[in-house]
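Each remark here refers to the structure printed beneath this line.
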Amino acid sequence: MRSTLFVPKITTDDQNITFPGVILYSEIYQVTGPVERLGRRLAGEGYVVLAPDVYHEYETGSMGYSDEAGERGNSLKTEKPLANYDSDAVAAAAWLKDAPECNGRLGTFGVCLGGGLALRAALAVPEVRAAACFFATDIHNRGLGAPDPSVPHSIDSLDKLNGEALMVWGNQDTHIPYDDLTTIRNAFRAANANFQWLEFNAAHAFMRDNGGKGRYDPAISHLAWEAAFELFQRRLTFGLVDDGLTRIRAD
């Protein structure tokens with residue numbers, strides 16, 4: 001499985017320092033420039049980041065931003081068997097855990113298609129402590145993967161979430177009708193899952209910093225990043241207990 005690796009660079013003579021690992025999931029266009037910049041930022045904050053080609057069976061590397069690439073990406077997300085997304089997650093997690101730079105604590109981060117995959121990976125890999133999911137598609141409509149009754153969709157499997165999920169949405173997102181956000185949130189509650197839920201006055205893909213379609217919002221992106229880093233610092237950097245209630249406070 002072709003993947004792109006981003007590793008923190010440290011200036012110290014101590015070469016025994018290790019970092020938590022994060023699987024970074026892309027949009028339908030695979031690892032584009034904006035996704036690479038997400039990876040570099042995560043690495044710069046102290047995480048070993050592995051960004052797999054989500055359609056590695058069909059395409060290699062960035063598909064670029066074009067109408068043709070969008071049609072291809074949307075076609076592949078339903079052509080690829082649902083179980084293959086899960087086996088990819090297991091393989092990526094195993095690789096990260098064995099990487100010499102990784103301390104074994106695992107998280108996921110994803111945008112658009114990747115937001116749904118970041119959540120799904122947390123369901124497939126029990127060791128995932130934190131999943132940061134942004135404007136995640138294909139959850140509400142069970143739209144991911146070729147139909148397979150033997151493989152449940154993410155919205156039907158939220159009771160398998162061992163870690164904590166951060167779900168971030170734009171309430172102007174036409175890809176995910178607002179009523180369907182309520183459906184997703186209620187499914188988390190029904191499963192008694194550990195999750196945070198944030199809604200911003202933003203469009204779909206508000207973190208894509210190439211300015212595509214006028215959706216990029218740097219101010220709201222900053223708030224979304226802060227929420228992700230709070231989750232990752234607590235769960236991954238400090239490795240605090242996974243009860244969903246532990247916070248860092250000043251006495």
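All residue names refer to the structure tokens as shown: chains lettered A, B, ... in order, residues numbered from 1 in each chain, ligands numbered from 1 in order.
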Tell me, as a PDB file with N, CA and C atoms, in the first residue's frame, which residues lie within 6 Å of range 34-49 of chain A, counting only C-alpha atoms; anything in the same chain fewer than 6 positions away does not count.
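Output file result_23.pdb is given in full below:
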ATOM      1  N   LEU A   5       4.998   9.375   4.181  1.00  0.00           N
ATOM      2  CA  LEU A   5       5.398   9.442   5.585  1.00  0.00           C
ATOM      3  C   LEU A   5       5.902  10.844   5.917  1.00  0.00           C
ATOM      4  N   PHE A   6       5.443  11.350   7.056  1.00  0.00           N
ATOM      5  CA  PHE A   6       5.900  12.634   7.587  1.00  0.00           C
ATOM      6  C   PHE A   6       6.412  12.387   9.005  1.00  0.00           C
ATOM      7  N   VAL A   7       7.666  12.745   9.257  1.00  0.00           N
ATOM      8  CA  VAL A   7       8.309  12.429  10.542  1.00  0.00           C
ATOM      9  C   VAL A   7       8.781  13.714  11.203  1.00  0.00           C
ATOM     10  N   PRO A   8       8.548  13.876  12.500  1.00  0.00           N
ATOM     11  CA  PRO A   8       9.055  15.073  13.199  1.00  0.00           C
ATOM     12  C   PRO A   8      10.574  15.150  13.131  1.00  0.00           C
ATOM     13  N   PHE A  19       7.505   9.210  19.118  1.00  0.00           N
ATOM     14  CA  PHE A  19       6.322  10.051  19.015  1.00  0.00           C
ATOM     15  C   PHE A  19       5.083   9.182  18.768  1.00  0.00           C
ATOM     16  N   PRO A  20       3.903   9.712  19.099  1.00  0.00           N
ATOM     17  CA  PRO A  20       2.680   9.002  18.712  1.00  0.00           C
ATOM     18  C   PRO A  20       2.548   8.951  17.191  1.00  0.00           C
ATOM     19  N   GLY A  21       1.788   7.977  16.719  1.00  0.00           N
ATOM     20  CA  GLY A  21       1.552   7.827  15.292  1.00  0.00           C
ATOM     21  C   GLY A  21       0.143   8.236  14.907  1.00  0.00           C
ATOM     22  N   VAL A  22       0.007   8.856  13.744  1.00  0.00           N
ATOM     23  CA  VAL A  22      -1.305   9.276  13.240  1.00  0.00           C
ATOM     24  C   VAL A  22      -1.449   8.804  11.795  1.00  0.00           C
ATOM     25  N   ILE A  23      -2.542   8.113  11.505  1.00  0.00           N
ATOM     26  CA  ILE A  23      -2.887   7.771  10.121  1.00  0.00           C
ATOM     27  C   ILE A  23      -3.699   8.936   9.565  1.00  0.00           C
ATOM     28  N   ARG A 208      -9.302  22.977   3.254  1.00  0.00           N
ATOM     29  CA  ARG A 208      -8.476  22.792   2.055  1.00  0.00           C
ATOM     30  C   ARG A 208      -7.900  24.138   1.628  1.00  0.00           C
ATOM     31  N   ASP A 209      -6.592  24.298   1.827  1.00  0.00           N
ATOM     32  CA  ASP A 209      -5.986  25.623   1.734  1.00  0.00           C
ATOM     33  C   ASP A 209      -5.531  26.018   0.338  1.00  0.00           C
TER      34      ASP A 209
END
List every residue of range 15-40 of chain A that has an atom at most 12 Å from any atom of range 75-86 of chain A, giving for each one its closest atom pair and the distance in Å to one decimal, counting only C-alpha atoms, sorted by chain and then by ascending residue number, as a Markdown table.
| residue | atom | partner | partner_atom | distance |
| --- | --- | --- | --- | --- |
| A:Tyr25 | CA | A:Tyr85 | CA | 11.0 |
| A:Glu27 | CA | A:Lys77 | CA | 10.4 |
| A:Ile28 | CA | A:Lys77 | CA | 7.6 |
| A:Tyr29 | CA | A:Leu76 | CA | 10.4 |
| A:Gln30 | CA | A:Lys77 | CA | 11.3 |
With N, CA and C atoms kept, could you save the residues just selected as an mmCIF file, in the first residue's frame?
data_model
loop_
_atom_site.group_PDB
_atom_site.id
_atom_site.type_symbol
_atom_site.label_atom_id
_atom_site.label_comp_id
_atom_site.auth_asym_id
_atom_site.auth_seq_id
_atom_site.Cartn_x
_atom_site.Cartn_y
_atom_site.Cartn_z
ATOM 1 N N TYR A 25 -5.911 10.450 6.616
ATOM 2 C CA TYR A 25 -6.748 10.032 5.494
ATOM 3 C C TYR A 25 -7.161 11.232 4.651
ATOM 4 N N GLU A 27 -8.871 13.227 1.067
ATOM 5 C CA GLU A 27 -10.105 13.325 0.304
ATOM 6 C C GLU A 27 -10.106 12.271 -0.806
ATOM 7 N N ILE A 28 -11.097 12.352 -1.681
ATOM 8 C CA ILE A 28 -11.197 11.397 -2.785
ATOM 9 C C ILE A 28 -10.066 11.560 -3.794
ATOM 10 N N TYR A 29 -9.293 12.645 -3.684
ATOM 11 C CA TYR A 29 -8.226 12.916 -4.648
ATOM 12 C C TYR A 29 -6.881 12.332 -4.201
ATOM 13 N N GLN A 30 -6.866 11.612 -3.127
ATOM 14 C CA GLN A 30 -5.660 11.029 -2.523
ATOM 15 C C GLN A 30 -4.743 12.129 -1.973
#
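Take CA of His222 in chain A and CA of Val168 in chain A: the distance between them is 12.4 Å.
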* Asked: Residues at most 10 Å from Leu123 in chain A, counting only C-alpha atoms, excluding those fewer than 2 positions away in the same chain, as a PyMOL selection string?
  -> chain A and resi 86+89+117-121+125-128+131+154+157-163
Prev. selection, C-alpha atoms, output as a PDB file, in the first residue's frame:
ATOM      1  CA  ASP A  86     -10.714  -1.963   7.197  1.00  0.00           C
ATOM      2  CA  ALA A  89      -6.453   0.519   8.377  1.00  0.00           C
ATOM      3  CA  LEU A 117     -12.192   6.730   7.014  1.00  0.00           C
ATOM      4  CA  ALA A 118     -10.549   8.173  10.139  1.00  0.00           C
ATOM      5  CA  LEU A 119     -13.643   7.188  12.097  1.00  0.00           C
ATOM      6  CA  ARG A 120     -13.858   3.775  10.427  1.00  0.00           C
ATOM      7  CA  ALA A 121     -10.204   3.064  11.221  1.00  0.00           C
ATOM      8  CA  VAL A 125      -8.334  -0.895  15.054  1.00  0.00           C
ATOM      9  CA  PRO A 126      -9.036  -1.061  18.815  1.00  0.00           C
ATOM     10  CA  GLU A 127      -5.649   0.528  19.619  1.00  0.00           C
ATOM     11  CA  VAL A 128      -6.678   3.859  18.078  1.00  0.00           C
ATOM     12  CA  ALA A 131      -9.897  10.055  15.804  1.00  0.00           C
ATOM     13  CA  SER A 154     -19.655   2.805  10.417  1.00  0.00           C
ATOM     14  CA  SER A 157     -20.777  -0.036  14.402  1.00  0.00           C
ATOM     15  CA  LEU A 158     -20.159   2.906  16.708  1.00  0.00           C
ATOM     16  CA  ASP A 159     -20.270   0.625  19.737  1.00  0.00           C
ATOM     17  CA  LYS A 160     -16.836  -0.623  18.595  1.00  0.00           C
ATOM     18  CA  LEU A 161     -15.239   2.757  19.258  1.00  0.00           C
ATOM     19  CA  ASN A 162     -12.658   2.199  22.001  1.00  0.00           C
ATOM     20  CA  GLY A 163     -11.061   5.627  21.804  1.00  0.00           C
TER      21      GLY A 163
END
* Quick one: pick out all helix (DSSP H, G or I) residues within range 62-153 of chain A from a backbone DSSP run and write them as a PyMOL selection string. => chain A and resi 67-79+82-98+113-124
May I have the residues from that selection written out with C-alpha atoms, as an mmCIF file, in the first residue's frame?
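Once written, again-v2.cif looks like this:
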data_model
loop_
_atom_site.group_PDB
_atom_site.id
_atom_site.type_symbol
_atom_site.label_atom_id
_atom_site.label_comp_id
_atom_site.auth_asym_id
_atom_site.auth_seq_id
_atom_site.Cartn_x
_atom_site.Cartn_y
_atom_site.Cartn_z
ATOM 1 C CA ASP A 67 -13.900 17.367 -12.474
ATOM 2 C CA GLU A 68 -12.542 14.142 -13.958
ATOM 3 C CA ALA A 69 -10.633 13.305 -10.780
ATOM 4 C CA GLY A 70 -13.714 14.027 -8.708
ATOM 5 C CA GLU A 71 -15.813 11.670 -10.800
ATOM 6 C CA ARG A 72 -13.112 9.002 -10.595
ATOM 7 C CA GLY A 73 -12.724 9.379 -6.833
ATOM 8 C CA ASN A 74 -16.458 9.239 -6.192
ATOM 9 C CA SER A 75 -16.719 6.143 -8.381
ATOM 10 C CA LEU A 76 -13.866 4.354 -6.628
ATOM 11 C CA LYS A 77 -15.182 4.943 -3.129
ATOM 12 C CA THR A 78 -18.172 2.727 -3.899
ATOM 13 C CA GLU A 79 -16.251 0.286 -6.093
ATOM 14 C CA LEU A 82 -15.853 -1.984 2.355
ATOM 15 C CA ALA A 83 -13.757 -4.679 4.034
ATOM 16 C CA ASN A 84 -10.678 -3.457 2.144
ATOM 17 C CA TYR A 85 -10.858 -0.094 3.897
ATOM 18 C CA ASP A 86 -10.714 -1.963 7.197
ATOM 19 C CA SER A 87 -7.803 -4.198 6.208
ATOM 20 C CA ASP A 88 -5.941 -1.104 4.976
ATOM 21 C CA ALA A 89 -6.453 0.519 8.377
ATOM 22 C CA VAL A 90 -5.156 -2.550 10.188
ATOM 23 C CA ALA A 91 -2.082 -2.646 7.945
ATOM 24 C CA ALA A 92 -1.358 1.077 8.347
ATOM 25 C CA ALA A 93 -1.703 0.852 12.128
ATOM 26 C CA ALA A 94 0.610 -2.162 12.300
ATOM 27 C CA TRP A 95 3.233 -0.376 10.195
ATOM 28 C CA LEU A 96 3.102 2.725 12.364
ATOM 29 C CA LYS A 97 3.339 0.752 15.604
ATOM 30 C CA ASP A 98 6.485 -0.951 14.319
ATOM 31 C CA LEU A 113 -13.859 10.975 2.551
ATOM 32 C CA GLY A 114 -10.915 10.726 4.930
ATOM 33 C CA GLY A 115 -13.028 11.998 7.815
ATOM 34 C CA GLY A 116 -15.236 8.958 7.432
ATOM 35 C CA LEU A 117 -12.192 6.730 7.014
ATOM 36 C CA ALA A 118 -10.549 8.173 10.139
ATOM 37 C CA LEU A 119 -13.643 7.188 12.097
ATOM 38 C CA ARG A 120 -13.858 3.775 10.427
ATOM 39 C CA ALA A 121 -10.204 3.064 11.221
ATOM 40 C CA ALA A 122 -10.917 3.778 14.881
ATOM 41 C CA LEU A 123 -13.665 1.147 14.725
ATOM 42 C CA ALA A 124 -11.463 -1.397 12.940
#
* Asked: Which of these residues is nearest to Phe109 in chain A, using only C-alpha atoms: A:Leu181, A:Ala51, A:Ile10, A:Met1?
  ->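 The answer is A:Ala51, which sits nearest to Phe109 in chain A.
CA of Thr4 in chain A to CA of Ala99 in chain A spans 13.5 Å [interatomic distance, one decimal].
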* Go through A:Asp138, A:Asp148, A:Glu57, A:Glu164 one by one, measure the shortest atom-to-atom distance of each to Trp197 in chain A using only C-alpha atoms, and give the residue with the smallest value. =>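 Under the stated criterion, the closest residue is A:Glu164.
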* To do: Just the residues within 7 Å of range 225-237 of chain A, please, counting only C-alpha atoms, with nothing from its chain fewer than 2 positions along; format it as a PyMOL selection string.
  => chain A and resi 20+105-106+129-130+132+221-223+239-240
Output all heavy atoms for every residue in the selection just made, as a tab-separated table (two decimals), in the first residue's frame.
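See again_13.tsv below for the written result:
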chain	number	residue	atom	x	y	z
A	20	PRO	N	3.90	9.71	19.10
A	20	PRO	CA	2.68	9.00	18.71
A	20	PRO	C	2.55	8.95	17.19
A	20	PRO	O	3.12	9.78	16.47
A	20	PRO	CB	1.56	9.85	19.33
A	20	PRO	CG	2.23	10.68	20.39
A	20	PRO	CD	3.61	10.93	19.90
A	105	ARG	N	1.39	4.74	20.52
A	105	ARG	CA	0.09	5.38	20.69
A	105	ARG	C	-0.41	5.83	19.32
A	105	ARG	O	0.30	6.49	18.58
A	105	ARG	CB	0.19	6.57	21.63
A	105	ARG	CG	0.60	6.21	23.04
A	105	ARG	CD	0.82	7.46	23.87
A	105	ARG	NE	1.40	7.14	25.17
A	105	ARG	CZ	2.06	8.01	25.91
A	105	ARG	NH1	2.25	9.25	25.48
A	105	ARG	NH2	2.55	7.65	27.08
A	106	LEU	N	-1.66	5.50	18.99
A	106	LEU	CA	-2.16	5.71	17.63
A	106	LEU	C	-3.40	6.59	17.61
A	106	LEU	O	-4.29	6.47	18.45
A	106	LEU	CB	-2.49	4.37	16.97
A	106	LEU	CG	-1.34	3.38	16.78
A	106	LEU	CD1	-1.87	2.11	16.13
A	106	LEU	CD2	-0.22	3.98	15.95
A	129	ARG	N	-6.58	5.53	19.82
A	129	ARG	CA	-7.03	6.25	21.01
A	129	ARG	C	-7.83	7.51	20.67
A	129	ARG	O	-8.61	7.99	21.49
A	129	ARG	CB	-5.83	6.66	21.86
A	129	ARG	CG	-5.02	5.53	22.43
A	129	ARG	CD	-3.77	6.05	23.08
A	129	ARG	NE	-3.01	4.99	23.76
A	129	ARG	CZ	-2.58	5.09	25.02
A	129	ARG	NH1	-2.83	6.17	25.72
A	129	ARG	NH2	-1.91	4.10	25.57
A	130	ALA	N	-7.59	8.08	19.48
A	130	ALA	CA	-8.19	9.37	19.14
A	130	ALA	C	-8.40	9.44	17.64
A	130	ALA	O	-7.50	9.11	16.87
A	130	ALA	CB	-7.30	10.52	19.60
A	132	ALA	N	-9.71	12.26	14.80
A	132	ALA	CA	-10.14	13.61	14.46
A	132	ALA	C	-10.73	13.59	13.06
A	132	ALA	O	-10.01	13.35	12.09
A	132	ALA	CB	-8.96	14.58	14.53
A	221	SER	N	-10.57	27.11	10.30
A	221	SER	CA	-9.59	26.03	10.28
A	221	SER	C	-8.71	26.08	11.52
A	221	SER	O	-8.37	25.03	12.10
A	221	SER	CB	-8.72	26.12	9.03
A	221	SER	OG	-9.49	25.91	7.86
A	222	HIS	N	-8.33	27.28	11.93
A	222	HIS	CA	-7.51	27.41	13.14
A	222	HIS	C	-8.24	26.83	14.36
A	222	HIS	O	-7.64	26.10	15.17
A	222	HIS	CB	-7.18	28.89	13.38
A	222	HIS	CG	-6.46	29.16	14.66
A	222	HIS	ND1	-5.13	28.88	14.85
A	222	HIS	CD2	-6.91	29.65	15.86
A	222	HIS	CE1	-4.77	29.19	16.07
A	222	HIS	NE2	-5.83	29.67	16.70
A	223	LEU	N	-9.53	27.13	14.49
A	223	LEU	CA	-10.30	26.60	15.61
A	223	LEU	C	-10.39	25.07	15.53
A	223	LEU	O	-10.29	24.37	16.55
A	223	LEU	CB	-11.71	27.21	15.61
A	223	LEU	CG	-11.80	28.71	15.83
A	223	LEU	CD1	-13.24	29.18	15.68
A	223	LEU	CD2	-11.25	29.10	17.20
A	239	GLY	N	-0.89	10.64	26.78
A	239	GLY	CA	-1.39	9.29	27.01
A	239	GLY	C	-2.26	9.17	28.25
A	239	GLY	O	-2.20	8.17	28.96
A	240	LEU	N	-3.08	10.20	28.49
A	240	LEU	CA	-3.93	10.16	29.68
A	240	LEU	C	-4.98	9.07	29.55
A	240	LEU	O	-5.28	8.58	28.46
A	240	LEU	CB	-4.59	11.53	29.89
A	240	LEU	CG	-3.61	12.68	30.14
A	240	LEU	CD1	-4.37	13.98	30.35
A	240	LEU	CD2	-2.73	12.40	31.34
List the neighbours of Thr183 in chain A out to 12 Å using only C-alpha atoms; skip same-chain residues closer than 2 positions along the sequence, and give me the result as a PDB file with C-alpha atoms, in the first residue's frame.
ATOM      1  CA  ILE A 139     -21.497   8.046   7.185  1.00  0.00           C
ATOM      2  CA  HIS A 140     -25.090   9.216   7.202  1.00  0.00           C
ATOM      3  CA  ASN A 141     -26.026   7.515   3.919  1.00  0.00           C
ATOM      4  CA  ARG A 142     -23.910   4.380   4.323  1.00  0.00           C
ATOM      5  CA  ILE A 155     -22.913   4.316  11.642  1.00  0.00           C
ATOM      6  CA  ASP A 156     -24.045   0.813  12.604  1.00  0.00           C
ATOM      7  CA  ILE A 176     -24.143  16.310   4.348  1.00  0.00           C
ATOM      8  CA  PRO A 177     -27.697  17.620   4.876  1.00  0.00           C
ATOM      9  CA  TYR A 178     -28.129  19.192   8.290  1.00  0.00           C
ATOM     10  CA  ASP A 179     -30.857  16.747   9.324  1.00  0.00           C
ATOM     11  CA  ASP A 180     -28.409  13.923   8.668  1.00  0.00           C
ATOM     12  CA  LEU A 181     -25.963  15.444  11.159  1.00  0.00           C
ATOM     13  CA  ARG A 185     -25.055  12.471  16.424  1.00  0.00           C
ATOM     14  CA  ASN A 186     -27.976  10.404  17.697  1.00  0.00           C
ATOM     15  CA  ALA A 187     -26.215   7.221  16.536  1.00  0.00           C
ATOM     16  CA  PHE A 188     -23.145   8.165  18.601  1.00  0.00           C
ATOM     17  CA  ARG A 189     -25.334   8.748  21.630  1.00  0.00           C
ATOM     18  CA  ALA A 190     -27.271   5.520  21.138  1.00  0.00           C
TER      19      ALA A 190
END
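The smallest atom-to-atom distance between Tyr65 in chain A and any of A:Lys213, A:Trp169, A:Ile184, A:Phe238, using only C-alpha atoms, is found for A:Lys213.
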* **strand (DSSP E or B) per DSSP on the backbone: members of range 12-239 of chain A, as number ranges by chain** => A: 19-25, 48-52, 81, 102-111, 128-134, 146, 164-170, 195-200
* **Coordinates-based distance that separates CA of Cys112 in chain A from CA of Ser3 in chain A (Å, one decimal)** =>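 Interatomic distance, CA of Ser3 in chain A to CA of Cys112 in chain A: 18.2 Å.
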* Asked: For Ala205 in chain A, which residue among A:Asn192, A:Ser62, A:Thr11, A:Ser26 is the nearest when counting only C-alpha atoms?
  ->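 Closest to Ala205 in chain A, using only C-alpha atoms: A:Ser26.
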* Asked: Which one of A:Ala191, A:His204, A:Ala136, A:Thr18 sits closest to Gly104 in chain A if you count only C-alpha atoms?
  -> A:Thr18
* Nearest to Glu101 in chain A, chosen from A:Ala219, A:Ala203, A:Lys9, A:Ala193, with only C-alpha atoms counted in the distances ->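 The answer is A:Lys9, which sits nearest to Glu101 in chain A.
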